[in-house]
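Participant: File input-v1.csv below, CSV, C-alpha atoms:
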chain,number,residue,atom,x,y,z
A,1,MET,CA,0.0,0.0,0.0
A,2,GLY,CA,1.2,3.5,-0.7
A,3,ARG,CA,1.4,7.0,0.6
A,4,VAL,CA,-1.0,8.9,-1.7
A,5,ALA,CA,-1.1,12.7,-1.7
A,6,VAL,CA,-4.6,14.1,-2.1
A,7,TYR,CA,-4.6,17.7,-3.3
A,8,GLY,CA,-7.8,19.4,-2.3
A,9,ALA,CA,-8.3,16.9,0.6
A,10,TYR,CA,-10.8,19.2,2.3
A,11,GLY,CA,-13.1,19.5,-0.7
A,12,HIS,CA,-16.3,17.6,-1.2
A,13,THR,CA,-14.8,14.9,-3.5
A,14,GLY,CA,-11.4,15.1,-1.8
A,15,ARG,CA,-12.9,13.9,1.5
A,16,PHE,CA,-14.5,10.9,-0.3
A,17,VAL,CA,-11.1,10.1,-1.8
A,18,VAL,CA,-9.3,10.3,1.6
A,19,ALA,CA,-11.8,8.0,3.2
A,20,GLU,CA,-11.5,5.5,0.3
A,21,LEU,CA,-7.7,5.5,0.5
A,22,ARG,CA,-7.9,4.8,4.3
A,23,GLU,CA,-10.4,2.0,3.8
A,24,ARG,CA,-8.1,0.3,1.3
A,25,GLY,CA,-5.1,0.6,3.5
A,26,HIS,CA,-3.3,3.5,1.8
A,27,VAL,CA,-1.8,6.4,3.8
A,28,PRO,CA,-3.3,9.7,2.6
A,29,LEU,CA,-1.3,12.9,2.8
A,30,LEU,CA,-3.6,15.9,3.0
A,31,LEU,CA,-2.6,18.6,0.6
A,32,GLY,CA,-4.3,21.9,-0.3
A,33,ARG,CA,-4.0,25.6,-0.4
A,34,ASP,CA,-5.5,26.4,3.0
A,35,ARG,CA,-3.8,25.0,6.1
A,36,GLU,CA,-6.7,25.7,8.4
A,37,LYS,CA,-9.2,23.8,6.2
A,38,LEU,CA,-6.8,20.9,6.0
A,39,LEU,CA,-6.5,20.8,9.8
A,40,ALA,CA,-10.3,20.9,10.1
A,41,VAL,CA,-10.7,17.6,8.3
A,42,ALA,CA,-7.5,15.9,9.4
A,43,GLN,CA,-7.5,13.0,11.8
A,44,PRO,CA,-4.7,12.8,14.3
A,45,ASP,CA,-2.8,10.1,12.3
A,46,LEU,CA,-2.9,12.0,9.0
A,47,GLU,CA,-0.2,14.4,7.8
A,48,VAL,CA,-1.2,17.9,6.6
A,49,ARG,CA,1.0,19.5,3.9
A,50,PRO,CA,-0.3,22.9,2.8
A,51,ALA,CA,1.0,24.1,-0.6
A,52,ALA,CA,-0.3,26.6,-3.2
A,53,VAL,CA,-0.3,25.6,-6.8
A,54,ASP,CA,1.7,28.7,-7.8
A,55,ASP,CA,4.6,27.7,-5.5
A,56,PRO,CA,6.6,24.9,-7.1
A,57,ALA,CA,9.0,24.6,-4.2
A,58,ALA,CA,6.0,24.1,-1.8
A,59,LEU,CA,4.5,21.5,-4.1
A,60,ASP,CA,7.8,19.7,-4.2
A,61,ARG,CA,8.0,19.6,-0.4
A,62,ALA,CA,4.3,18.5,-0.2
A,63,LEU,CA,4.9,15.5,-2.6
A,64,ALA,CA,8.2,14.4,-0.9
A,65,GLY,CA,7.9,10.7,-0.1
A,66,ALA,CA,4.5,10.3,-1.8
A,67,ASP,CA,4.0,7.3,-4.1
A,68,ALA,CA,1.2,9.0,-6.2
A,69,VAL,CA,-0.9,12.2,-6.2
A,70,ILE,CA,-4.7,12.5,-6.8
A,71,ASN,CA,-5.8,16.1,-7.6
A,72,CYS,CA,-9.3,16.8,-6.4
A,73,ALA,CA,-9.0,20.6,-6.5
A,74,GLY,CA,-10.8,22.6,-9.1
A,75,PRO,CA,-10.9,24.6,-11.2
A,76,PHE,CA,-8.5,22.3,-12.9
A,77,ALA,CA,-7.6,24.9,-15.4
A,78,THR,CA,-5.6,26.4,-12.5
A,79,THR,CA,-4.4,23.3,-10.6
A,80,ALA,CA,-3.9,20.5,-13.1
A,81,ALA,CA,-0.7,21.7,-15.0
A,82,PRO,CA,1.2,22.8,-11.8
A,83,LEU,CA,0.4,19.5,-10.1
A,84,VAL,CA,1.3,17.4,-13.2
A,85,GLU,CA,4.6,19.3,-13.4
A,86,ALA,CA,5.2,18.6,-9.7
A,87,ALA,CA,4.4,14.9,-10.1
A,88,LEU,CA,6.8,14.6,-13.0
A,89,ARG,CA,9.5,16.3,-11.0
A,90,ALA,CA,8.8,13.8,-8.1
A,91,GLY,CA,8.7,10.9,-10.5
A,92,ILE,CA,5.3,9.7,-9.3
A,93,PRO,CA,2.0,9.0,-11.1
A,94,TYR,CA,-0.7,11.7,-11.3
A,95,VAL,CA,-4.5,11.2,-11.3
A,96,ASP,CA,-7.2,13.8,-11.2
A,97,VAL,CA,-11.0,14.0,-11.1
A,98,ALA,CA,-11.3,16.9,-13.6
A,99,ALA,CA,-14.6,17.3,-15.5
A,100,GLU,CA,-13.5,20.5,-17.3
A,101,ILE,CA,-13.3,19.8,-21.0
A,102,GLU,CA,-10.6,22.4,-21.7
A,103,ALA,CA,-8.4,21.5,-18.7
A,104,ASN,CA,-8.4,17.8,-19.8
A,105,ALA,CA,-7.6,18.7,-23.4
A,106,ASP,CA,-4.7,20.8,-22.1
A,107,THR,CA,-3.3,17.9,-20.0
A,108,PHE,CA,-3.3,15.6,-23.1
A,109,ALA,CA,-1.9,18.3,-25.3
A,110,HIS,CA,0.8,19.7,-23.0
A,111,PHE,CA,2.1,16.6,-21.3
A,112,ALA,CA,1.8,13.8,-23.9
A,113,GLU,CA,5.5,13.9,-24.8
A,114,ARG,CA,6.8,15.0,-21.5
A,115,ALA,CA,5.2,12.3,-19.4
A,116,GLY,CA,7.6,9.7,-20.7
A,117,ASP,CA,7.5,6.5,-18.7
A,118,LYS,CA,5.3,8.0,-16.0
A,119,VAL,CA,1.5,7.6,-15.9
A,120,VAL,CA,-0.8,10.7,-15.9
A,121,VAL,CA,-4.5,9.9,-15.9
A,122,PRO,CA,-6.8,13.0,-16.1
A,123,ALA,CA,-10.6,12.8,-15.7
A,124,MET,CA,-10.5,9.7,-13.6
A,125,ALA,CA,-13.9,10.4,-12.2
A,126,PHE,CA,-17.7,10.0,-12.8
A,127,PHE,CA,-17.5,12.4,-15.8
A,128,GLY,CA,-14.7,11.2,-18.1
A,129,GLY,CA,-13.4,8.1,-16.4
A,130,LEU,CA,-16.5,6.0,-15.9
A,131,GLY,CA,-17.9,6.8,-19.4
A,132,ASP,CA,-14.5,6.1,-21.0
A,133,LEU,CA,-14.3,2.7,-19.3
A,134,LEU,CA,-17.8,1.8,-20.3
A,135,VAL,CA,-17.2,2.8,-23.9
A,136,THR,CA,-14.0,0.8,-24.0
A,137,ALA,CA,-15.7,-2.2,-22.6
A,138,ALA,CA,-18.6,-1.9,-25.0
A,139,MET,CA,-16.2,-1.6,-28.0
A,140,GLY,CA,-14.6,-5.0,-27.0
A,141,ASP,CA,-12.8,-6.3,-30.1
A,142,TRP,CA,-13.8,-3.4,-32.3
A,143,THR,CA,-10.9,-1.2,-33.2
A,144,ALA,CA,-13.2,1.6,-34.6
A,145,ALA,CA,-16.8,2.7,-34.4
A,146,ASP,CA,-19.0,5.2,-36.2
A,147,GLU,CA,-20.6,6.7,-33.1
A,148,VAL,CA,-20.5,6.7,-29.4
A,149,HIS,CA,-23.5,7.9,-27.3
A,150,ILE,CA,-23.2,8.4,-23.5
A,151,ALA,CA,-26.4,9.2,-21.7
A,152,TYR,CA,-26.4,10.4,-18.1
A,153,GLY,CA,-29.5,9.5,-16.2
A,154,LEU,CA,-29.2,11.6,-13.0
A,155,SER,CA,-32.1,11.7,-10.6
A,156,SER,CA,-31.0,15.2,-9.6
A,157,TRP,CA,-27.9,17.3,-9.6
A,158,HIS,CA,-27.0,19.3,-6.5
A,159,PRO,CA,-23.6,20.8,-7.6
A,160,THR,CA,-20.7,21.4,-5.2
A,161,ALA,CA,-19.0,24.8,-5.0
A,162,GLY,CA,-16.2,23.3,-7.0
A,163,THR,CA,-18.5,22.2,-9.8
A,164,LEU,CA,-20.0,25.7,-10.1
A,165,ALA,CA,-16.5,27.3,-10.1
A,166,ALA,CA,-15.2,24.9,-12.7
A,167,GLY,CA,-18.2,25.5,-14.9
A,168,ALA,CA,-17.7,29.2,-14.7
A,169,VAL,CA,-14.1,28.9,-15.8
A,170,SER,CA,-15.0,26.6,-18.7
A,171,ARG,CA,-17.7,29.0,-19.9
A,172,GLN,CA,-15.2,31.9,-19.7
A,173,ARG,CA,-12.6,30.0,-21.6
A,174,ARG,CA,-15.0,29.2,-24.4
A,175,ASP,CA,-16.6,32.6,-24.5
A,176,ASP,CA,-19.9,31.2,-23.5
A,177,ARG,CA,-20.0,28.9,-26.6
A,178,ARG,CA,-21.0,25.3,-26.4
A,179,VAL,CA,-18.7,22.4,-27.5
A,180,ARG,CA,-19.2,19.0,-29.1
A,181,TYR,CA,-17.1,16.3,-30.6
A,182,THR,CA,-18.0,15.8,-34.2
A,183,GLY,CA,-16.2,15.0,-37.4
A,184,GLY,CA,-13.2,13.8,-35.4
A,185,ARG,CA,-12.6,17.1,-33.6
A,186,LEU,CA,-13.9,19.4,-30.9
A,187,GLU,CA,-16.2,22.0,-32.4
A,188,TYR,CA,-17.3,25.2,-30.6
A,189,HIS,CA,-20.7,26.5,-31.5
A,190,ASP,CA,-23.7,28.7,-30.5
A,191,ASP,CA,-26.4,26.2,-31.6
A,192,ALA,CA,-29.3,25.5,-29.2
A,193,LEU,CA,-29.0,22.2,-27.5
A,194,PRO,CA,-31.6,19.7,-28.7
A,195,ALA,CA,-34.4,18.4,-26.4
A,196,LEU,CA,-34.7,14.6,-26.9
A,197,GLU,CA,-35.9,11.4,-25.2
A,198,TRP,CA,-33.6,8.6,-24.2
A,199,GLU,CA,-34.7,5.1,-23.4
A,200,PHE,CA,-32.7,4.2,-20.3
A,201,PRO,CA,-32.6,0.6,-19.0
A,202,ALA,CA,-35.4,-0.3,-16.6
A,203,PRO,CA,-36.3,0.8,-14.0
A,204,LEU,CA,-35.4,4.3,-15.1
A,205,GLY,CA,-37.0,4.0,-18.6
A,206,PRO,CA,-37.6,6.8,-21.0
A,207,GLN,CA,-36.4,10.3,-19.9
A,208,ASP,CA,-36.3,13.7,-21.4
A,209,VAL,CA,-32.7,14.6,-22.0
A,210,ILE,CA,-30.6,17.5,-23.3
A,211,GLY,CA,-28.5,16.5,-26.3
A,212,GLU,CA,-24.9,17.6,-26.8
A,213,PHE,CA,-24.6,18.2,-23.1
A,214,SER,CA,-20.9,17.7,-23.4
A,215,MET,CA,-18.8,16.4,-20.6
A,216,ALA,CA,-15.2,15.2,-20.3
A,217,ASP,CA,-15.9,12.0,-22.4
A,218,ILE,CA,-15.7,14.0,-25.6
A,219,VAL,CA,-12.0,14.6,-24.7
A,220,THR,CA,-11.1,11.2,-23.2
A,221,VAL,CA,-12.7,8.8,-25.6
A,222,PRO,CA,-11.2,10.1,-28.9
A,223,THR,CA,-7.7,10.0,-27.4
A,224,HIS,CA,-7.5,6.2,-27.8
A,225,LEU,CA,-10.5,5.0,-29.8
A,226,ASP,CA,-11.1,5.6,-33.5
A,227,VAL,CA,-14.6,7.2,-33.2
A,228,PRO,CA,-15.4,10.4,-35.2
A,229,GLU,CA,-18.7,11.2,-33.3
A,230,VAL,CA,-18.9,11.2,-29.5
A,231,ARG,CA,-22.3,12.5,-28.2
A,232,THR,CA,-23.4,12.9,-24.6
A,233,TYR,CA,-26.8,13.5,-23.1
A,234,MET,CA,-28.1,14.7,-19.7
A,235,THR,CA,-31.5,14.2,-18.1
A,236,ALA,CA,-33.4,17.5,-18.4
A,237,LYS,CA,-34.2,17.5,-14.7
A,238,ALA,CA,-30.6,17.3,-13.7
A,239,ALA,CA,-29.6,20.0,-16.2
A,240,ALA,CA,-32.2,22.3,-14.8
A,241,ASP,CA,-31.0,21.6,-11.2
A,242,LEU,CA,-27.5,22.5,-12.2
A,243,ALA,CA,-28.6,25.8,-13.9
A,244,ALA,CA,-31.0,26.8,-11.2
A,245,PRO,CA,-30.3,30.1,-9.3
A,246,GLY,CA,-29.1,29.3,-5.7
A,247,ALA,CA,-28.5,25.6,-6.5
A,248,THR,CA,-27.7,23.8,-3.3
A,249,ALA,CA,-24.8,21.4,-2.5
A,250,PRO,CA,-25.4,17.7,-1.9
A,251,SER,CA,-26.5,16.6,1.5
A,252,ALA,CA,-25.5,13.3,3.1
A,253,VAL,CA,-28.1,10.6,3.7
A,254,ASP,CA,-25.9,7.6,4.7
A,255,GLU,CA,-22.9,6.7,6.9
A,256,ARG,CA,-20.5,7.1,3.9
A,257,GLY,CA,-21.6,10.7,3.4
A,258,ARG,CA,-23.3,10.0,0.1
A,259,SER,CA,-26.3,12.0,-1.1
A,260,ALA,CA,-29.6,10.4,-2.2
A,261,GLN,CA,-28.9,11.1,-5.8
A,262,THR,CA,-28.9,8.1,-8.1
A,263,PHE,CA,-27.5,7.7,-11.6
A,264,VAL,CA,-27.5,5.5,-14.7
A,265,VAL,CA,-24.8,5.9,-17.3
A,266,ASP,CA,-26.0,4.3,-20.6
A,267,VAL,CA,-23.5,3.8,-23.4
A,268,VAL,CA,-24.3,2.8,-27.0
A,269,VAL,CA,-21.6,2.3,-29.6
A,270,ARG,CA,-22.5,1.8,-33.3
A,271,ARG,CA,-20.6,0.5,-36.3
A,272,GLY,CA,-22.6,0.3,-39.4
A,273,ALA,CA,-25.7,-1.7,-38.6
A,274,GLU,CA,-24.2,-3.2,-35.5
A,275,GLU,CA,-24.8,-1.8,-32.0
A,276,ARG,CA,-23.3,-2.6,-28.6
A,277,ARG,CA,-24.7,-1.3,-25.3
A,278,ILE,CA,-23.7,-1.3,-21.6
A,279,SER,CA,-24.9,0.7,-18.6
A,280,ALA,CA,-23.8,1.2,-15.0
A,281,ALA,CA,-25.9,2.4,-12.1
A,282,GLY,CA,-25.0,3.7,-8.7
A,283,GLN,CA,-25.4,6.4,-6.0
A,284,ASP,CA,-23.9,9.9,-5.8
A,285,ILE,CA,-21.8,11.1,-8.8
A,286,TYR,CA,-19.2,12.7,-6.4
A,287,ALA,CA,-18.9,9.7,-4.1
A,288,ILE,CA,-18.3,7.3,-7.0
A,289,SER,CA,-15.3,9.4,-8.2
A,290,ALA,CA,-13.4,8.2,-5.1
A,291,PRO,CA,-13.3,4.4,-5.9
A,292,LEU,CA,-12.6,5.3,-9.5
A,293,ALA,CA,-9.6,7.4,-8.7
A,294,VAL,CA,-8.3,5.2,-5.9
A,295,GLU,CA,-8.6,2.0,-8.0
A,296,ALA,CA,-6.7,3.8,-10.7
A,297,VAL,CA,-3.9,4.6,-8.3
A,298,ALA,CA,-3.8,1.1,-6.9
A,299,ARG,CA,-3.5,-0.4,-10.4
A,300,ILE,CA,-0.7,2.1,-11.4
A,301,LEU,CA,1.3,1.4,-8.2
A,302,SER,CA,1.0,-2.4,-8.7
A,303,GLY,CA,2.0,-2.2,-12.4
A,304,ARG,CA,-1.4,-3.0,-13.8
A,305,THR,CA,-1.4,-0.5,-16.6
A,306,ARG,CA,-1.5,-1.0,-20.3
A,307,ALA,CA,0.8,1.9,-21.3
A,308,THR,CA,2.6,4.9,-19.9
A,309,GLY,CA,2.2,8.6,-20.6
A,310,VAL,CA,-1.0,10.7,-20.5
A,311,LEU,CA,-3.8,8.2,-20.8
A,312,SER,CA,-7.6,8.1,-20.5
A,313,ALA,CA,-9.0,5.4,-18.2
A,314,GLY,CA,-9.8,3.0,-21.0
A,315,ALA,CA,-6.3,3.3,-22.5
A,316,ALA,CA,-4.6,2.9,-19.1
A,317,PHE,CA,-6.5,-0.1,-17.7
A,318,ASP,CA,-8.2,-3.3,-18.7
A,319,ALA,CA,-11.7,-1.7,-18.8
A,320,PRO,CA,-13.9,-4.8,-18.1
A,321,ASP,CA,-11.6,-5.9,-15.2
A,322,PHE,CA,-11.6,-2.4,-13.8
A,323,LEU,CA,-15.4,-2.2,-14.0
A,324,ARG,CA,-15.7,-5.5,-12.2
A,325,ALA,CA,-13.5,-4.2,-9.4
A,326,LEU,CA,-16.1,-1.5,-8.8
A,327,ALA,CA,-18.9,-4.0,-8.1
A,328,PRO,CA,-19.3,-2.8,-4.5
A,329,HIS,CA,-20.1,0.7,-5.9
A,330,LEU,CA,-21.7,0.0,-9.3
A,331,SER,CA,-24.2,-2.4,-10.9
A,332,LEU,CA,-23.4,-3.3,-14.5
A,333,SER,CA,-26.0,-4.3,-17.2
A,334,GLN,CA,-23.8,-6.3,-19.5
A,335,PRO,CA,-23.7,-9.9,-18.4
A,336,ALA,CA,-20.2,-10.6,-19.8
A,337,LEU,CA,-18.8,-7.9,-17.5
A,338,CYS,CA,-20.7,-9.0,-14.4
A,339,ARG,CA,-19.2,-12.5,-14.2
Once more with this new file: its structure as structure tokens, please.
Facilitator:
Amino acid sequence: MGRVAVYGAYGHTGRFVVAELRERGHVPLLLGRDREKLLAVAQPDLEVRPAAVDDPAALDRALAGADAVINCAGPFATTAAPLVEAALRAGIPYVDVAAEIEANADTFAHFAERAGDKVVVPAMAFFGGLGDLLVTAAMGDWTAADEVHIAYGLSSWHPTAGTLAAGAVSRQRRDDRRVRYTGGRLEYHDDALPALEWEFPAPLGPQDVIGEFSMADIVTVPTHLDVPEVRTYMTAKAAADLAAPGATAPSAVDERGRSAQTFVVDVVVRRGAEERRISAAGQDIYAISAPLAVEAVARILSGRTRATGVLSAGAAFDAPDFLRALAPHLSLSQPALCR
């Protein structure tokens, strides 16, 4: 088991990650900008290491002796690059839970050559990581497909402060335009998003969705799969929750700190007349990011990766095996993966 630095350890997702690391026998190191906030969440046996992302020397001290780092602190447009740099200087793997499309694209673009034999996995979270694993598993022996569709069936969406801040940064970076992945590239546009209906697996069933509600999957999937069209959808109710004035943060309903929110991620890949489908269901989109990120770190530290460099979840790991490892947290619909 390793010593894993968690940057943003006092944030909503960061606290889930720290708990998951402890549960699996790792030693979390609590990192972040604010010493007082770190101390407020630290247990007596956990080490607190404050460091600002604009202070490379402080980051180097904070990562000293760590075996890996998980970045949970958004906006990732600000934090990802400095922490990747620090991880590469320390010679340790980097994982983050970024959902910001532009920040993830930057990580692939700026560090693909520099990462060398180290492992850097951005978007190892509900948005990005889970969808990418599901798409990769659904593709199976296909080396290419015509279309990928990822539909998010969220019962509700109470955003954290970090989600709202990251969304504001992304909107500013794209000048309030929308973005989609079509024709083999990211395309920024001002088109209205289509209102559609998606037939989710039972018991969720048909739901009103917003089409082209783009998430990190439109960056991760095309980095390793030959697919010119990646389309994502969000239940209309969840999209309305996110956009509502005064949106409230998630509130805990169980001993793990999870909210009552449930989700289904439904993936369809098409090649000509053929279609393959897989879905996953669970509780709390923020909480599920913890086992995703921690399982990734465990596999990297034990040498269970398929490549090195900057990688999406599906490129880094055996996707079906990874999904099976998440069985305590997810239920899968594809029988071949459930065995």
Participant: When you count all atoms listed in the file, which of these residues is closest to A:Ala151: A:Ala192, A:Leu59, A:Val120, A:Val267?
Facilitator: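 So, comparing all the options, the nearest one is A:Val267.
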Participant: Give me the residues within 6 Å of A:Asp241 as a PDB file with C-alpha atoms, in the frame of the given file, counting only C-alpha atoms and dropping any in the same chain fewer than 3 places off.
Facilitator:
ATOM      1  CA  TRP A 157     -27.900  17.300  -9.600  1.00  0.00           C
ATOM      2  CA  ALA A 238     -30.600  17.300 -13.700  1.00  0.00           C
ATOM      3  CA  ALA A 244     -31.000  26.800 -11.200  1.00  0.00           C
TER       4      ALA A 244
END
Participant: Quick one: everything within 12 Å of A:Thr136, counting all atoms listed in the file, minus sequence neighbours fewer than 2 positions away in the same chain. Send it as number ranges by chain.
Facilitator: A: 128-134, 138-145, 148, 150, 217, 220-227, 267-269, 276-278, 312-323, 337
Participant: Find the distance between atom CA of A:Phe213 and atom CA of A:Tyr233 and write it in Å to one decimal.
Facilitator: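 These two atoms are separated by 5.2 Å.
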Participant: I'd like the interatomic distance between atom CA of A:His158 and atom CA of A:Ser259, to a tenth of an Å.
Facilitator: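 Result for atom CA of A:His158 versus atom CA of A:Ser259: 9.1 Å, one decimal.
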Participant: Would you work out the distance separating atom CA of A:Ala81 from atom CA of A:Arg180, expressed in Å to one decimal?
Facilitator: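 Interatomic distance, atom CA of A:Ala81 to atom CA of A:Arg180: 23.4 Å.
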